[in-house]
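A.B. asks: Structure file query_29.pdb (PDB, C-alpha atoms and all ligand atoms) is given on the next line.
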ATOM      1  CA  MET A   1     129.708 138.948  92.727  1.00  0.00           C
ATOM      2  CA  LYS A   2     129.956 137.540  96.240  1.00  0.00           C
ATOM      3  CA  SER A   3     127.167 135.099  96.941  1.00  0.00           C
ATOM      4  CA  PRO A   4     126.425 136.176 100.551  1.00  0.00           C
ATOM      5  CA  ARG A   5     125.145 139.448  99.135  1.00  0.00           C
ATOM      6  CA  LEU A   6     122.608 137.531  97.059  1.00  0.00           C
ATOM      7  CA  GLN A   7     121.485 135.616 100.084  1.00  0.00           C
ATOM      8  CA  SER A   8     120.990 138.764 102.075  1.00  0.00           C
ATOM      9  CA  ARG A   9     118.789 140.056  99.275  1.00  0.00           C
ATOM     10  CA  ALA A  10     116.439 137.134  99.855  1.00  0.00           C
ATOM     11  CA  GLU A  11     116.614 137.789 103.596  1.00  0.00           C
ATOM     12  CA  GLN A  12     115.822 141.464 103.163  1.00  0.00           C
ATOM     13  CA  SER A  13     112.721 140.681 101.168  1.00  0.00           C
ATOM     14  CA  THR A  14     111.683 138.206 103.862  1.00  0.00           C
ATOM     15  CA  GLN A  15     112.128 140.800 106.568  1.00  0.00           C
ATOM     16  CA  ARG A  16     109.935 143.196 104.611  1.00  0.00           C
ATOM     17  CA  THR A  17     107.116 140.776 103.936  1.00  0.00           C
ATOM     18  CA  GLY A  18     107.601 138.030 106.510  1.00  0.00           C
ATOM     19  CA  LYS A  19     107.483 135.604 103.594  1.00  0.00           C
ATOM     20  CA  THR A  20     109.661 134.531 100.739  1.00  0.00           C
ATOM     21  CA  SER A  21     108.768 134.190  97.136  1.00  0.00           C
ATOM     22  CA  VAL A  22     111.307 131.496  96.556  1.00  0.00           C
ATOM     23  CA  GLU A  23     110.027 129.217  93.853  1.00  0.00           C
ATOM     24  CA  GLY A  24     111.265 126.403  91.730  1.00  0.00           C
ATOM     25  CA  GLY A  25     110.155 123.422  89.745  1.00  0.00           C
ATOM     26  CA  CYS A  26     111.019 120.491  87.545  1.00  0.00           C
ATOM     27  CA  ALA A  27     112.408 120.514  84.023  1.00  0.00           C
ATOM     28  CA  CYS A  28     109.056 119.932  82.260  1.00  0.00           C
ATOM     29  CA  GLY A  29     107.149 122.494  84.325  1.00  0.00           C
ATOM     30  CA  ALA A  30     104.473 120.099  85.628  1.00  0.00           C
ATOM     31  CA  VAL A  31     105.640 120.553  89.231  1.00  0.00           C
ATOM     32  CA  ARG A  32     106.080 124.002  90.725  1.00  0.00           C
ATOM     33  CA  TYR A  33     106.951 124.566  94.362  1.00  0.00           C
ATOM     34  CA  ARG A  34     107.347 127.439  96.766  1.00  0.00           C
ATOM     35  CA  LEU A  35     109.178 127.910 100.059  1.00  0.00           C
ATOM     36  CA  THR A  36     107.302 129.885 102.659  1.00  0.00           C
ATOM     37  CA  LEU A  37     110.433 130.452 104.777  1.00  0.00           C
ATOM     38  CA  LEU A  38     114.103 130.648 103.898  1.00  0.00           C
ATOM     39  CA  PRO A  39     116.059 127.396 104.209  1.00  0.00           C
ATOM     40  CA  LEU A  40     117.474 126.373 107.583  1.00  0.00           C
ATOM     41  CA  PHE A  41     120.855 125.596 106.092  1.00  0.00           C
ATOM     42  CA  VAL A  42     122.457 124.883 102.737  1.00  0.00           C
ATOM     43  CA  HIS A  43     125.227 122.368 102.240  1.00  0.00           C
ATOM     44  CA  CYS A  44     126.979 120.699  99.350  1.00  0.00           C
ATOM     45  CA  CYS A  45     127.174 116.968  99.832  1.00  0.00           C
ATOM     46  CA  HIS A  46     130.096 115.178  98.219  1.00  0.00           C
ATOM     47  CA  CYS A  47     129.105 111.698  99.445  1.00  0.00           C
ATOM     48  CA  THR A  48     129.278 108.812  96.996  1.00  0.00           C
ATOM     49  CA  ARG A  49     125.511 108.237  97.301  1.00  0.00           C
ATOM     50  CA  CYS A  50     124.694 111.775  96.196  1.00  0.00           C
ATOM     51  CA  GLN A  51     127.243 111.505  93.403  1.00  0.00           C
ATOM     52  CA  ARG A  52     125.702 108.307  92.066  1.00  0.00           C
ATOM     53  CA  GLU A  53     122.056 109.349  92.546  1.00  0.00           C
ATOM     54  CA  SER A  54     122.619 112.617  90.696  1.00  0.00           C
ATOM     55  CA  GLY A  55     125.307 111.558  88.239  1.00  0.00           C
ATOM     56  CA  THR A  56     127.225 114.685  89.240  1.00  0.00           C
ATOM     57  CA  ALA A  57     130.179 115.581  91.458  1.00  0.00           C
ATOM     58  CA  PHE A  58     128.082 116.807  94.390  1.00  0.00           C
ATOM     59  CA  VAL A  59     124.557 117.862  95.281  1.00  0.00           C
ATOM     60  CA  THR A  60     123.574 121.153  96.902  1.00  0.00           C
ATOM     61  CA  HIS A  61     120.801 120.672  99.432  1.00  0.00           C
ATOM     62  CA  ALA A  62     118.742 123.334 101.205  1.00  0.00           C
ATOM     63  CA  MET A  63     117.184 121.960 104.353  1.00  0.00           C
ATOM     64  CA  ILE A  64     113.738 123.240 105.142  1.00  0.00           C
ATOM     65  CA  GLU A  65     110.776 122.198 107.260  1.00  0.00           C
ATOM     66  CA  ARG A  66     108.330 120.097 105.230  1.00  0.00           C
ATOM     67  CA  GLN A  67     105.501 122.408 106.294  1.00  0.00           C
ATOM     68  CA  CYS A  68     107.347 125.282 104.581  1.00  0.00           C
ATOM     69  CA  LEU A  69     107.338 123.560 101.194  1.00  0.00           C
ATOM     70  CA  THR A  70     104.155 123.700  99.121  1.00  0.00           C
ATOM     71  CA  TRP A  71     103.801 122.476  95.561  1.00  0.00           C
ATOM     72  CA  SER A  72     101.437 121.872  92.706  1.00  0.00           C
ATOM     73  CA  GLY A  73     101.657 119.008  90.228  1.00  0.00           C
ATOM     74  CA  GLU A  74     102.098 115.305  90.721  1.00  0.00           C
ATOM     75  CA  VAL A  75     105.217 113.975  92.431  1.00  0.00           C
ATOM     76  CA  LYS A  76     106.389 110.462  93.142  1.00  0.00           C
ATOM     77  CA  ALA A  77     108.935 109.148  95.609  1.00  0.00           C
ATOM     78  CA  SER A  78     111.597 106.550  94.897  1.00  0.00           C
ATOM     79  CA  ARG A  79     113.240 104.711  97.753  1.00  0.00           C
ATOM     80  CA  LEU A  80     117.007 104.392  97.655  1.00  0.00           C
ATOM     81  CA  PRO A  81     119.541 102.502  99.770  1.00  0.00           C
ATOM     82  CA  THR A  82     121.603 104.316 102.397  1.00  0.00           C
ATOM     83  CA  ASP A  83     124.745 103.388 104.291  1.00  0.00           C
ATOM     84  CA  SER A  84     122.995 104.098 107.598  1.00  0.00           C
ATOM     85  CA  LYS A  85     120.021 101.839 106.618  1.00  0.00           C
ATOM     86  CA  THR A  86     117.607 104.638 107.451  1.00  0.00           C
ATOM     87  CA  ARG A  87     114.796 105.202 105.007  1.00  0.00           C
ATOM     88  CA  HIS A  88     115.771 107.560 102.203  1.00  0.00           C
ATOM     89  CA  GLU A  89     113.524 108.717  99.397  1.00  0.00           C
ATOM     90  CA  ILE A  90     113.915 111.131  96.544  1.00  0.00           C
ATOM     91  CA  VAL A  91     110.806 112.905  95.345  1.00  0.00           C
ATOM     92  CA  HIS A  92     110.574 113.459  91.589  1.00  0.00           C
ATOM     93  CA  CYS A  93     108.209 115.050  89.134  1.00  0.00           C
ATOM     94  CA  ALA A  94     105.908 112.157  88.152  1.00  0.00           C
ATOM     95  CA  LYS A  95     106.161 113.179  84.511  1.00  0.00           C
ATOM     96  CA  CYS A  96     109.778 114.143  83.750  1.00  0.00           C
ATOM     97  CA  LEU A  97     111.361 112.536  86.856  1.00  0.00           C
ATOM     98  CA  THR A  98     113.471 115.563  87.782  1.00  0.00           C
ATOM     99  CA  PRO A  99     114.627 114.949  91.375  1.00  0.00           C
ATOM    100  CA  LEU A 100     113.224 117.758  93.516  1.00  0.00           C
ATOM    101  CA  TRP A 101     113.883 116.932  97.157  1.00  0.00           C
ATOM    102  CA  GLY A 102     115.022 114.129  99.410  1.00  0.00           C
ATOM    103  CA  GLN A 103     113.521 112.912 102.659  1.00  0.00           C
ATOM    104  CA  HIS A 104     115.096 110.781 105.347  1.00  0.00           C
ATOM    105  CA  GLY A 105     113.898 108.713 108.271  1.00  0.00           C
ATOM    106  CA  ARG A 106     110.290 108.381 109.298  1.00  0.00           C
ATOM    107  CA  GLN A 107     107.663 109.575 106.864  1.00  0.00           C
ATOM    108  CA  PRO A 108     106.406 112.190 106.619  1.00  0.00           C
ATOM    109  CA  SER A 109     109.808 113.588 107.526  1.00  0.00           C
ATOM    110  CA  VAL A 110     110.093 116.854 109.439  1.00  0.00           C
ATOM    111  CA  ILE A 111     112.827 118.208 107.169  1.00  0.00           C
ATOM    112  CA  VAL A 112     113.203 117.911 103.426  1.00  0.00           C
ATOM    113  CA  TYR A 113     116.427 118.262 101.475  1.00  0.00           C
ATOM    114  CA  LEU A 114     115.546 120.474  98.571  1.00  0.00           C
ATOM    115  CA  LYS A 115     117.729 120.203  95.468  1.00  0.00           C
ATOM    116  CA  VAL A 116     118.907 123.811  95.284  1.00  0.00           C
ATOM    117  CA  CYS A 117     119.428 123.856  91.526  1.00  0.00           C
ATOM    118  CA  THR A 118     115.705 123.189  90.954  1.00  0.00           C
ATOM    119  CA  LEU A 119     115.049 126.689  92.342  1.00  0.00           C
ATOM    120  CA  ASP A 120     114.444 129.384  89.742  1.00  0.00           C
ATOM    121  CA  VAL A 121     117.336 131.384  91.241  1.00  0.00           C
ATOM    122  CA  PRO A 122     119.700 128.884  92.867  1.00  0.00           C
ATOM    123  CA  GLU A 123     122.348 131.577  93.226  1.00  0.00           C
ATOM    124  CA  GLN A 124     120.350 132.947  96.153  1.00  0.00           C
ATOM    125  CA  PHE A 125     121.437 130.030  98.315  1.00  0.00           C
ATOM    126  CA  PRO A 126     125.172 129.415  98.203  1.00  0.00           C
ATOM    127  CA  PRO A 127     126.492 126.567 100.357  1.00  0.00           C
ATOM    128  CA  GLN A 128     127.248 127.262 104.027  1.00  0.00           C
ATOM    129  CA  ALA A 129     129.256 124.031 104.354  1.00  0.00           C
ATOM    130  CA  HIS A 130     130.733 121.231 102.307  1.00  0.00           C
ATOM    131  CA  ILE A 131     130.186 117.777 103.752  1.00  0.00           C
ATOM    132  CA  PHE A 132     131.640 114.345 103.021  1.00  0.00           C
ATOM    133  CA  VAL A 133     134.650 116.037 101.463  1.00  0.00           C
ATOM    134  CA  ARG A 134     136.547 112.787 102.061  1.00  0.00           C
ATOM    135  CA  SER A 135     134.887 111.537  98.860  1.00  0.00           C
ATOM    136  CA  LYS A 136     135.051 114.860  97.006  1.00  0.00           C
ATOM    137  CA  LEU A 137     136.298 114.439  93.447  1.00  0.00           C
ATOM    138  CA  SER A 138     139.879 115.646  93.090  1.00  0.00           C
ATOM    139  CA  TRP A 139     139.072 118.175  90.366  1.00  0.00           C
ATOM    140  CA  VAL A 140     136.488 120.021  92.461  1.00  0.00           C
ATOM    141  CA  SER A 141     138.123 122.947  94.237  1.00  0.00           C
ATOM    142  CA  LEU A 142     136.376 124.555  97.191  1.00  0.00           C
ATOM    143  CA  ASP A 143     136.309 128.040  98.664  1.00  0.00           C
ATOM    144  CA  ALA A 144     138.507 127.758 101.768  1.00  0.00           C
ATOM    145  CA  GLU A 145     136.256 130.226 103.620  1.00  0.00           C
ATOM    146  CA  ILE A 146     133.351 127.800 103.625  1.00  0.00           C
ATOM    147  CA  PRO A 147     133.520 125.161 106.390  1.00  0.00           C
ATOM    148  CA  GLN A 148     134.396 121.661 105.220  1.00  0.00           C
ATOM    149  CA  PHE A 149     133.663 118.411 107.005  1.00  0.00           C
ATOM    150  CA  ALA A 150     135.163 115.002 106.246  1.00  0.00           C
ATOM    151  CA  GLY A 151     131.770 113.368 106.807  1.00  0.00           C
ATOM    152  CA  TYR A 152     128.522 114.634 108.274  1.00  0.00           C
ATOM    153  CA  TYR A 153     128.520 117.488 110.765  1.00  0.00           C
ATOM    154  CA  ASN A 154     126.958 118.461 114.033  1.00  0.00           C
ATOM    155  CA  ALA A 155     124.093 120.725 112.957  1.00  0.00           C
ATOM    156  CA  ALA A 156     123.664 122.196 116.445  1.00  0.00           C
ATOM    157  CA  LYS A 157     127.262 123.462 116.299  1.00  0.00           C
ATOM    158  CA  THR A 158     127.303 124.468 112.636  1.00  0.00           C
ATOM    159  CA  TRP A 159     123.931 126.007 111.810  1.00  0.00           C
ATOM    160  CA  PRO A 160     123.038 129.557 112.794  1.00  0.00           C
ATOM    161  CA  GLN A 161     121.313 129.588 116.185  1.00  0.00           C
ATOM    162  CA  ALA A 162     118.021 130.739 114.667  1.00  0.00           C
ATOM    163  CA  SER A 163     117.966 127.671 112.422  1.00  0.00           C
ATOM    164  CA  VAL A 164     118.713 125.330 115.328  1.00  0.00           C
ATOM    165  CA  THR A 165     115.782 126.865 117.229  1.00  0.00           C
ATOM    166  CA  ARG A 166     113.491 126.544 114.208  1.00  0.00           C
ATOM    167  CA  TYR A 167     114.545 122.930 113.690  1.00  0.00           C
ATOM    168  CA  ARG A 168     113.860 122.054 117.335  1.00  0.00           C
ATOM    169  CA  SER A 169     110.407 123.594 117.246  1.00  0.00           C
ATOM    170  CA  ALA A 170     109.583 121.817 113.956  1.00  0.00           C
ATOM    171  CA  GLN A 171     110.240 118.460 115.608  1.00  0.00           C
ATOM    172  CA  CYS A 172     107.558 118.950 118.245  1.00  0.00           C
TER     173      CYS A 172
HETATM  174 ZN    ZN B 201     108.410 117.595  85.320  1.00  0.00          ZN
HETATM  175 ZN    ZN B 202     125.156 112.998 100.133  1.00  0.00          ZN
END
Starting from the file, give its structure as structure tokens.
Ligand SMILES: [Zn+2]
Ligand SMILES: [Zn+2]
C.D. replies:
Amino acid sequence: MKSPRLQSRAEQSTQRTGKTSVEGGCACGAVRYRLTLLPLFVHCCHCTRCQRESGTAFVTHAMIERQCLTWSGEVKASRLPTDSKTRHEIVHCAKCLTPLWGQHGRQPSVIVYLKVCTLDVPEQFPPQAHIFVRSKLSWVSLDAEIPQFAGYYNAAKTWPQASVTRYRSAQC
């Protein structure tokens, strides 16, 4: 099944109701969260930081405005080093420590980087780009139709226009 079709299913339900019912949570169930809008953009990050922090080949992140993420249960943030020296935290379930989302820069950050595979139906949000493919592991093969970037990318040129507009208004 082609993933874009799954994504449009989520979009159709949003158009009907104006809201999403996109939910997820940690492994132990103590933290449950909900997105009140669809993500701005989804990318797979193959950077060496994401690889080490997750212990996996890459991490799939859905970017969404913080105000569009609500949750129940206790979370705790751990601060991690970054190459750019900007503040970077990962928010975990306080009980089972499942990483749920990342946040960068000033706190509270405007955008959070939700870990897509903590959603109940991660298949709804296939990646729209692969980034930091210069450190992609050699045995990971990518769909050539999905844009790939050696490092980070210019969001204003890569995201759909509606997401760029949403992002700009969230920063105000
Ligand atoms: Zn938990
Ligand atoms: Zn990364």
A.B. asks: Please tabulate, as CSV, the residues of segment 100-124 of chain A that come within 12 Å of segment 52-61 of chain A, each with its closest pair of atoms and the distance in Å to one decimal, counting all atoms listed in the file and ordering rows by chain, then residue number upward.
C.D. replies:
residue,atom,partner,partner_atom,distance
A:Leu100,CA,A:His61,CA,10.0
A:Trp101,CA,A:His61,CA,8.2
A:Gly102,CA,A:His61,CA,8.7
A:Gln103,CA,A:His61,CA,11.1
A:Ile111,CA,A:His61,CA,11.4
A:Val112,CA,A:His61,CA,9.0
A:Tyr113,CA,A:His61,CA,5.4
A:Leu114,CA,A:His61,CA,5.3
A:Lys115,CA,A:His61,CA,5.0
A:Val116,CA,A:His61,CA,5.5
A:Cys117,CA,A:Thr60,CA,7.3
A:Thr118,CA,A:Thr60,CA,10.1
A:Leu119,CA,A:His61,CA,10.9
A:Pro122,CA,A:Thr60,CA,9.5
A:Glu123,CA,A:Thr60,CA,11.1
A.B. asks: Give me, as a PDB file with C-alpha atoms, in the frame of the given file, the set of residues whose atoms come within 9 Å of any atom of ligand ZN 201 (chain B), counting only C-alpha atoms and all ligand atoms.
C.D. replies:
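Once written, selection35.pdb looks like this:
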ATOM      1  CA  GLY A  25     110.155 123.422  89.745  1.00  0.00           C
ATOM      2  CA  CYS A  26     111.019 120.491  87.545  1.00  0.00           C
ATOM      3  CA  ALA A  27     112.408 120.514  84.023  1.00  0.00           C
ATOM      4  CA  CYS A  28     109.056 119.932  82.260  1.00  0.00           C
ATOM      5  CA  GLY A  29     107.149 122.494  84.325  1.00  0.00           C
ATOM      6  CA  ALA A  30     104.473 120.099  85.628  1.00  0.00           C
ATOM      7  CA  VAL A  31     105.640 120.553  89.231  1.00  0.00           C
ATOM      8  CA  ARG A  32     106.080 124.002  90.725  1.00  0.00           C
ATOM      9  CA  GLY A  73     101.657 119.008  90.228  1.00  0.00           C
ATOM     10  CA  GLU A  74     102.098 115.305  90.721  1.00  0.00           C
ATOM     11  CA  VAL A  75     105.217 113.975  92.431  1.00  0.00           C
ATOM     12  CA  HIS A  92     110.574 113.459  91.589  1.00  0.00           C
ATOM     13  CA  CYS A  93     108.209 115.050  89.134  1.00  0.00           C
ATOM     14  CA  ALA A  94     105.908 112.157  88.152  1.00  0.00           C
ATOM     15  CA  LYS A  95     106.161 113.179  84.511  1.00  0.00           C
ATOM     16  CA  CYS A  96     109.778 114.143  83.750  1.00  0.00           C
ATOM     17  CA  LEU A  97     111.361 112.536  86.856  1.00  0.00           C
ATOM     18  CA  THR A  98     113.471 115.563  87.782  1.00  0.00           C
TER      19      THR A  98
END
A.B. asks: Tell me which residues the PyMOL selection byres (((chain A and resi 82) around 12) and not hetatm) grabs here, as a list in words.
C.D. replies: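 For this structure, the PyMOL selection byres (((chain A and resi 82) around 12) and not hetatm) captures Cys47, Thr48, Arg49, Cys50, Arg52, Glu53, Arg79, Leu80, Pro81, Asp83, Ser84, Lys85, Thr86, Arg87, His88, Glu89, Ile90, Gln103, His104 and Gly105 of chain A.
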A.B. asks: Go ahead and save the picked residues with C-alpha atoms, as an mmCIF file, in the frame of the given file.
C.D. replies:
data_model
loop_
_atom_site.group_PDB
_atom_site.id
_atom_site.type_symbol
_atom_site.label_atom_id
_atom_site.label_comp_id
_atom_site.auth_asym_id
_atom_site.auth_seq_id
_atom_site.Cartn_x
_atom_site.Cartn_y
_atom_site.Cartn_z
ATOM 1 C CA CYS A 47 129.105 111.698 99.445
ATOM 2 C CA THR A 48 129.278 108.812 96.996
ATOM 3 C CA ARG A 49 125.511 108.237 97.301
ATOM 4 C CA CYS A 50 124.694 111.775 96.196
ATOM 5 C CA ARG A 52 125.702 108.307 92.066
ATOM 6 C CA GLU A 53 122.056 109.349 92.546
ATOM 7 C CA ARG A 79 113.240 104.711 97.753
ATOM 8 C CA LEU A 80 117.007 104.392 97.655
ATOM 9 C CA PRO A 81 119.541 102.502 99.770
ATOM 10 C CA ASP A 83 124.745 103.388 104.291
ATOM 11 C CA SER A 84 122.995 104.098 107.598
ATOM 12 C CA LYS A 85 120.021 101.839 106.618
ATOM 13 C CA THR A 86 117.607 104.638 107.451
ATOM 14 C CA ARG A 87 114.796 105.202 105.007
ATOM 15 C CA HIS A 88 115.771 107.560 102.203
ATOM 16 C CA GLU A 89 113.524 108.717 99.397
ATOM 17 C CA ILE A 90 113.915 111.131 96.544
ATOM 18 C CA GLN A 103 113.521 112.912 102.659
ATOM 19 C CA HIS A 104 115.096 110.781 105.347
ATOM 20 C CA GLY A 105 113.898 108.713 108.271
#
A.B. asks: Can you tell me, as a PyMOL selection string, which residues sit within 10 Å of (133.1, 125.6, 107.2) in the file's frame, using all atoms listed in the file?
C.D. replies: chain A and resi 43+127-131+143-149+153+158
A.B. asks: In Å, how far is it from atom CA of Gln67 of chain A to atom CA of Ser109 of chain A?
C.D. replies: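 These atoms are spaced 9.9 Å apart.
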A.B. asks: Can you measure atom CA of Ser135 of chain A to atom CA of Phe41 of chain A for me? One decimal in Å is fine.
C.D. replies: 21.1 Å
A.B. asks: Just how far from atom CA of Val91 of chain A is atom CA of Pro126 of chain A, in Å to one decimal?
C.D. replies: 22.1 Å
A.B. asks: Name all residues at most 6 Å from Ala150 of chain A (count all atoms listed in the file; drop same-chain ones fewer than 2 positions away) and give them as a PyMOL selection string.
C.D. replies: chain A and resi 132-134
